[in-house]
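A short worksheet on the structure shown next.
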Amino acid sequence: MGSYLVRRFLLMVLTLFGMSVLIFVMLRLVPGNIADILVDAAGIADAKEKAKIAHELGLDRPILEQYGQWIGGLAHGDLGYAYVSERPAIEEIAPRIPISAKLAGMAIFFAVLIGVPFGVISAVRQNTGLDYFLRVLSLSGLSLPSFWLGLLVLMAAVHWFGTIPIYDNEPHGFWRDVGLLALPAAVVGFRSSALIMRLTRSSMLEVLRQDYVRTARSKGASNASVNYDHALRNALLPVVTVIGIEAAFLVGGLIVTETVFNIPGVARFLVEAIRWRDYPIVQNLVMFIALVVVSANFIVDMLYAVFDPRIRYS
Amino acid sequence: MGSRLAFVAVTTAALITGVFVTTASPAFAQKQGGTLRISHRDNPPSASIHEESTISVNEPFMAVFNNLVVFDPSEKVNSPDHIVPDLAESWAYNDDKTQLTFKLRQGVKWHDGKPFTSADVQCTWDALAGHAPEDKAIIRKNPRKLWYSNLKEVRTNGDFEVTFVLGRPQPSFLTMLAGGYSPVYACHVPDRVMRSKPIGTGPFKVVEFKRNESIKLVRNPDYWKKGKPYLDAIDWTIVPNRSTRLLGFQSGQFDMTFDSDVTFPLLNDVKANKPNAVCEARPTNVSSNLLVNRDKEPFNNPDIRKAMVLALDIKAFSQILSEGHDLDGAVMLPPPAGFWGMPKEQLASLPGHSPDLEKSRSEARELMKKAGYGPDKPLKIKIATRNIAIYRDPAVILIDQLKQIYIEGELEPIDTTVWYTKLARGDYQVGMNLTGVGIDDPDVNFYENYYSTSDRNYTRYKNPDVDKLIDQQSAEQDREKRKQLVWKIEKVLADDVARPIIGYNVANTCWDSKLKGVVLQVNSIYNGWRFEDVWLDR
């Protein structure tokens, strides 16, 4: 177990290093840098002003030196200065992370809360009216684009309640946060819940046909005991994998949802930073997201052992 | 045609109403207090007005500053006749009109408590004219350096008098000082601070400018105009998605939309969902214009350039883009909103503006045939435009219209970050561009976009005669004579296909009926955002 953990840790470090090189190089391959954009945004194309800004920001230094400075700073907890706001990048990034984390957490919670039970019900009631309804629901979840669903929800909110949940800067209590983020979390989690629902259903159907399930039934175990104690625990293994992957993919959904619901989280901020070629923000945020993804994968791997005692790490 | 007439009628009525309301305004009892909530369309690149060229900066931050002089905020049309004192109490020219001296208001304080003096005026315009030493610069970028190319020196005479020394007489100089792009900056505040939390003398102080989120302004209790502003605060929420912004306005979370945010197709929705909304359509003085790179073959052939402009169906552009509300004009915004635009009869005689479209297109086809193109041998071109809907839409219509004269265009959407660089390099064949004019004045427009040496003369149109005429109108003191010169220049520019104007955008701004005292200025969206006369009736 110990050697496995060390190997996984080293692999994580290697993945993060690869990501850092990739994002650093890719950003610089995209046409235009912050100096171009700042000057272009003012409607001018003055090469001298561009060169002056590029020099101020150190963009005219050798690329290896720039990379070294970034990684060196990162190792010491110094994320550098955001180009656009001219404030420390950490001050720009840190307040936004909890907002997106809450939204992502609620979205995953919503997805699991809806996806797993409905997937089980759909499997247990296979080919009934309820099963068909849930399958249609899950298909619509997979096919509706988040931005469209988000706008629809907002329009409905205006129509029925005369208000929409627009996030503001004021400090919120827990329940106010839940209230503000519930709708966007449901929108972003809807797609994931559909996927989880479909996967739970197919996994459950497969498990329900296994010999040990038949044996349990022949022993006189109740339906609930067979479905939840015997079948579900085994069916959950692939579902957990998907939940882990979805947690990583959620960033994509968050970008749209944060934009439509105007939530000042990291996903929307990342897009804006890419638009402005705000390297310190983009690089550090991408590294943060990469860290979340590799950590999520690691946790999922560890969870396998919890759900399936036969799995041993060595 | 009907909607165009209706628009002109509505604009004229709005102008008259504006005059009536503003002259009658003492009858209203303005209420003190309240927070005005406005949605903002995007993240302003910075808070420093002098460094930027977008309404995204002017609209929220103009209220932080004062100018020396300002366009009368109660008038809808910005004109040289409606310039009122701001930080300057009075002004006077010397005999040969090359020195403009301002007597400054005393006792005015910057938001950080330091006194405002003539040194602040001097260092602001030294920086803008490019006379400031690099280590003392209060700006990092200078998009309007060209405005002040005639400014030779700024002299102070004590703490409360300042003289602008001009190279030659330039009546528009005062007009340029009156616009939203001409605030006085504080000498003692570094450029970095001005970009993030600017210090001004204006009616509102910046509390916080949170990128991608919000801008919060509060009332300046020490404002030198006693009793103003009426509002306690202004909260701008940055909402990049237009649907969300408008839903926020309809649900009462915002008291006002961002300027010109409501297109005509969206207007009905807004009015249906918020019956108490006051919505006003006004020209933005932003024109869609055609860029033809005259240095590149085959566009170095004047016949092809002329054929392109003759093929334009300007009415169709307007119908498709704004349900017929966009205005037809030449280089200057047409009247009644525009102060300098040429009369309709003259406009109709310019290529591309003729009412007889079929005749123009026949002529265009002949010119194309003469240049060796025809139905069997179309001219294949790329039409570059910024990859934003408001740029792409007219470009697509242009492609369709050019097919009528044997030109097959292919849309080339350009990332917005490199658009101006590409134009400045001349790295395009044909382009569709949008140009906003900070002040409705020929100097601003001609020198920026048509003068031979301007960086923003993207088509690289060089005509020494036109340069001479531009200088001549710039120095002309008699306004009527100047107008005649302006129209003459407009005609030459149109005949030379320097940068054909396809239309002037018109869009709507809406606000809650409880918000009073809003006067939108009809010939520039960049002016009139001081918010010191605005109040909330709740």
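Simple scheme: letters A, B, ... for chains in structure tokens order, numbers from 1 for residues in each chain, numbers from 1 for ligands in the order shown.
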
*asked:* Applying 12 Å and only C-alpha atoms, which residues near Arg456 (chain B) remain after dropping the ones on its own chain fewer than 3 positions away? List them as a PyMOL selection string.
replied: (chain A and resi 40+42-46) or (chain B and resi 143-146+291+420-426+433+435+444-453+459-461+499)

*May I have the residues within 8 Å of Leu254 (chain A) as JSON, numbers by chain, using only C-alpha atoms and disregarding those fewer than 2 positions away in the same chain?*
{"A": [100, 104, 188, 250, 251, 252, 256, 257, 258, 267, 268]}

Residue selection dump (C-alpha atoms) as a PDB file, in the first residue's frame:
ATOM      1  CA  SER A 100     -16.782  27.615  -7.664  1.00  0.00           C
ATOM      2  CA  ALA A 104     -19.253  22.303  -8.092  1.00  0.00           C
ATOM      3  CA  VAL A 188     -24.829  22.274 -14.192  1.00  0.00           C
ATOM      4  CA  LEU A 250     -17.526  19.929 -14.409  1.00  0.00           C
ATOM      5  CA  VAL A 251     -15.207  22.896 -15.052  1.00  0.00           C
ATOM      6  CA  GLY A 252     -16.513  23.033 -18.630  1.00  0.00           C
ATOM      7  CA  VAL A 256     -21.241  28.350 -19.065  1.00  0.00           C
ATOM      8  CA  THR A 257     -23.265  28.299 -15.881  1.00  0.00           C
ATOM      9  CA  GLU A 258     -21.156  30.918 -14.137  1.00  0.00           C
ATOM     10  CA  ALA A 267     -14.300  29.078 -14.374  1.00  0.00           C
ATOM     11  CA  ARG A 268     -15.614  32.335 -15.846  1.00  0.00           C
TER      12      ARG A 268
END

*Find the residues in chain A near chain B: any atom within 7 Å counts, using only C-alpha atoms. Write them as a VMD selection string.*
chain A and resid 32 36 to 37 40 42 to 45 49 85 158 162 to 164 259 to 262 264

*Distance CA of Val21 (chain A)-CA of Leu79 (chain A), one decimal place?*
15.8 Å

*region 79-93 of chain B surroundings by only C-alpha atoms, 9 Å radius, close-in-sequence under 6 positions cut, as a list in words*: Asn66, Asn67, Leu68, Val69, Val70, Phe71, Asp72, Pro73, Gln99, Leu100, Thr101, Phe102, Lys103, Leu104, Arg105, Gln106, Val108, Phe160, Glu161, Pro171, Ser172, Leu174, Thr175, Ala178, Val184, Thr201, Phe339, Asp440 and Asp441 of chain B

For the residues in the current selection, export C-alpha atoms as a PDB file, in the first residue's frame.
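Contents of result13.pdb, freshly written:
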ATOM      1  CA  ASN B  66     -14.354  66.480 -13.622  1.00  0.00           C
ATOM      2  CA  ASN B  67     -13.223  68.158 -16.808  1.00  0.00           C
ATOM      3  CA  LEU B  68     -12.143  71.749 -17.224  1.00  0.00           C
ATOM      4  CA  VAL B  69     -15.305  72.280 -19.213  1.00  0.00           C
ATOM      5  CA  VAL B  70     -18.079  69.874 -20.046  1.00  0.00           C
ATOM      6  CA  PHE B  71     -20.971  69.496 -22.488  1.00  0.00           C
ATOM      7  CA  ASP B  72     -24.065  70.772 -20.726  1.00  0.00           C
ATOM      8  CA  PRO B  73     -25.443  67.563 -19.195  1.00  0.00           C
ATOM      9  CA  GLN B  99      -3.800  80.715 -26.413  1.00  0.00           C
ATOM     10  CA  LEU B 100      -6.703  79.458 -24.386  1.00  0.00           C
ATOM     11  CA  THR B 101      -6.595  80.518 -20.745  1.00  0.00           C
ATOM     12  CA  PHE B 102      -8.713  78.969 -18.016  1.00  0.00           C
ATOM     13  CA  LYS B 103      -9.372  80.427 -14.578  1.00  0.00           C
ATOM     14  CA  LEU B 104      -9.702  77.455 -12.266  1.00  0.00           C
ATOM     15  CA  ARG B 105     -12.101  76.845  -9.437  1.00  0.00           C
ATOM     16  CA  GLN B 106     -10.578  77.217  -5.989  1.00  0.00           C
ATOM     17  CA  VAL B 108     -11.665  71.832  -5.002  1.00  0.00           C
ATOM     18  CA  PHE B 160      -5.485  78.662 -10.402  1.00  0.00           C
ATOM     19  CA  GLU B 161      -4.782  79.733 -13.937  1.00  0.00           C
ATOM     20  CA  PRO B 171     -11.915  76.052 -32.447  1.00  0.00           C
ATOM     21  CA  SER B 172     -12.549  72.378 -31.741  1.00  0.00           C
ATOM     22  CA  LEU B 174     -12.434  73.536 -26.383  1.00  0.00           C
ATOM     23  CA  THR B 175     -14.968  71.000 -27.670  1.00  0.00           C
ATOM     24  CA  ALA B 178     -15.644  69.056 -22.959  1.00  0.00           C
ATOM     25  CA  VAL B 184      -8.383  66.133 -15.321  1.00  0.00           C
ATOM     26  CA  THR B 201     -12.573  65.395  -8.025  1.00  0.00           C
ATOM     27  CA  PHE B 339     -24.202  68.504 -35.377  1.00  0.00           C
ATOM     28  CA  ASP B 440     -19.113  64.746 -32.585  1.00  0.00           C
ATOM     29  CA  ASP B 441     -16.508  67.035 -34.096  1.00  0.00           C
TER      30      ASP B 441
END

*Where in region 71-286 of chain B does DSSP assign strand (DSSP E or B), given as a PyMOL selection string?*
chain B and resi 71+83-85+88-93+99-104+109+115+151-156+161-166+204-210+214-219+233-238+256+262+277-286

*Assign secondary structure with DSSP using the backbone only, and return the residues of region 149-240 of chain A in helix (DSSP H, G or I) as a PyMOL selection string.*
chain A and resi 149-161+174-208+211-218+223-240

*Please identify all polymer residues within 9 Å of His353 (chain B), counting only C-alpha atoms, omitting same-chain residues fewer than 4 positions from it, and present them as number ranges by chain.*
B: 309-310, 312-314, 328-330, 347-349, 357

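Computed from the coordinates, the CA of Met256 (chain B) to CA of Pro335 (chain B) distance equals 27.3 Å.
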
Write out as a compact mmCIF listing (two decimals) with C-alpha atoms, in the first residue's frame which residues come within 9 Å of region 281-289 of chain B when counting only C-alpha atoms, dropping same-chain ones fewer than 3 positions away.
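For reference, around35.txt as written:
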# COMPACT_ATOMS: atom_id res chain seq x y z
CA PHE B 7 -37.13 57.44 -35.83
CA VAL B 10 -39.01 60.39 -32.29
CA THR B 11 -35.46 61.80 -32.08
CA SER B 260 -27.40 50.94 -25.92
CA VAL B 262 -31.26 46.86 -25.86
CA PHE B 264 -34.72 46.67 -31.39
CA HIS B 325 -33.47 52.34 -37.37
CA ASP B 326 -29.80 52.72 -38.28
CA LEU B 327 -29.03 56.08 -39.86
CA GLY B 329 -24.78 59.24 -43.21
CA VAL B 331 -18.30 60.65 -42.35
CA MET B 332 -20.09 62.81 -39.78
CA LEU B 333 -23.22 61.69 -37.93
CA ALA B 337 -28.70 64.08 -33.84
CA GLY B 338 -25.41 64.94 -35.50
CA TYR B 391 -18.95 43.09 -36.64
CA PRO B 394 -22.78 43.45 -41.35
CA GLY B 431 -12.57 44.59 -43.86
CA MET B 432 -15.76 45.41 -42.01
CA ASN B 433 -15.09 47.71 -39.11
CA LEU B 434 -16.98 49.64 -36.45
CA THR B 435 -15.75 53.09 -35.47
CA GLY B 436 -16.96 55.06 -32.48
CA VAL B 437 -16.37 58.78 -32.30
CA GLY B 438 -15.63 60.23 -28.87
CA ILE B 439 -16.88 63.68 -29.76
CA ASP B 440 -19.11 64.75 -32.58
CA ARG B 499 -13.72 54.40 -45.92
CA PRO B 500 -17.39 54.13 -46.96
CA ILE B 501 -19.88 54.48 -44.13
CA ILE B 502 -22.57 51.82 -44.17
CA GLY B 503 -24.67 53.18 -41.36
CA TYR B 504 -24.79 54.74 -37.92
CA ASN B 505 -25.99 52.39 -35.23
CA VAL B 506 -29.06 53.22 -33.19
CA ALA B 507 -29.86 51.29 -30.02
CA ASN B 508 -31.96 51.55 -26.90
CA THR B 509 -31.13 52.24 -23.30
CA CYS B 510 -33.78 51.53 -20.68
CA LEU B 520 -28.86 60.61 -22.90
CA GLN B 521 -26.73 62.62 -25.26
CA VAL B 522 -27.56 61.77 -28.82
CA ASN B 523 -24.33 62.37 -30.69
CA SER B 524 -21.86 60.51 -28.56
CA ILE B 525 -22.27 57.62 -26.19
CA TYR B 526 -19.02 58.55 -24.45

_Å distance separating CA of Leu493 (chain B) from CA of Arg386 (chain B), one decimal place_ = 23.9 Å

_Which of A:Ile243, A:Val30, A:Val13, A:Ala216 sits closest to Ala111 (chain A) [using only C-alpha atoms]_ = A:Ile243

*Which one of A:Lys50, A:Leu144, A:Leu10, A:Tyr81 sits closest to Val282 (chain A) if you count only C-alpha atoms?*
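Going through A:Lys50, A:Leu144, A:Leu10, A:Tyr81 one by one, the smallest distance to Val282 (chain A) is for A:Tyr81.
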
*12 Å contact set for region 124-138 of chain B, only C-alpha atoms, chain neighbours under 6 positions out, as a PyMOL selection string*: (chain A and resi 49+52) or (chain B and resi 48-51+67-68+117-118+144-156+162-166+177+181-195+198)
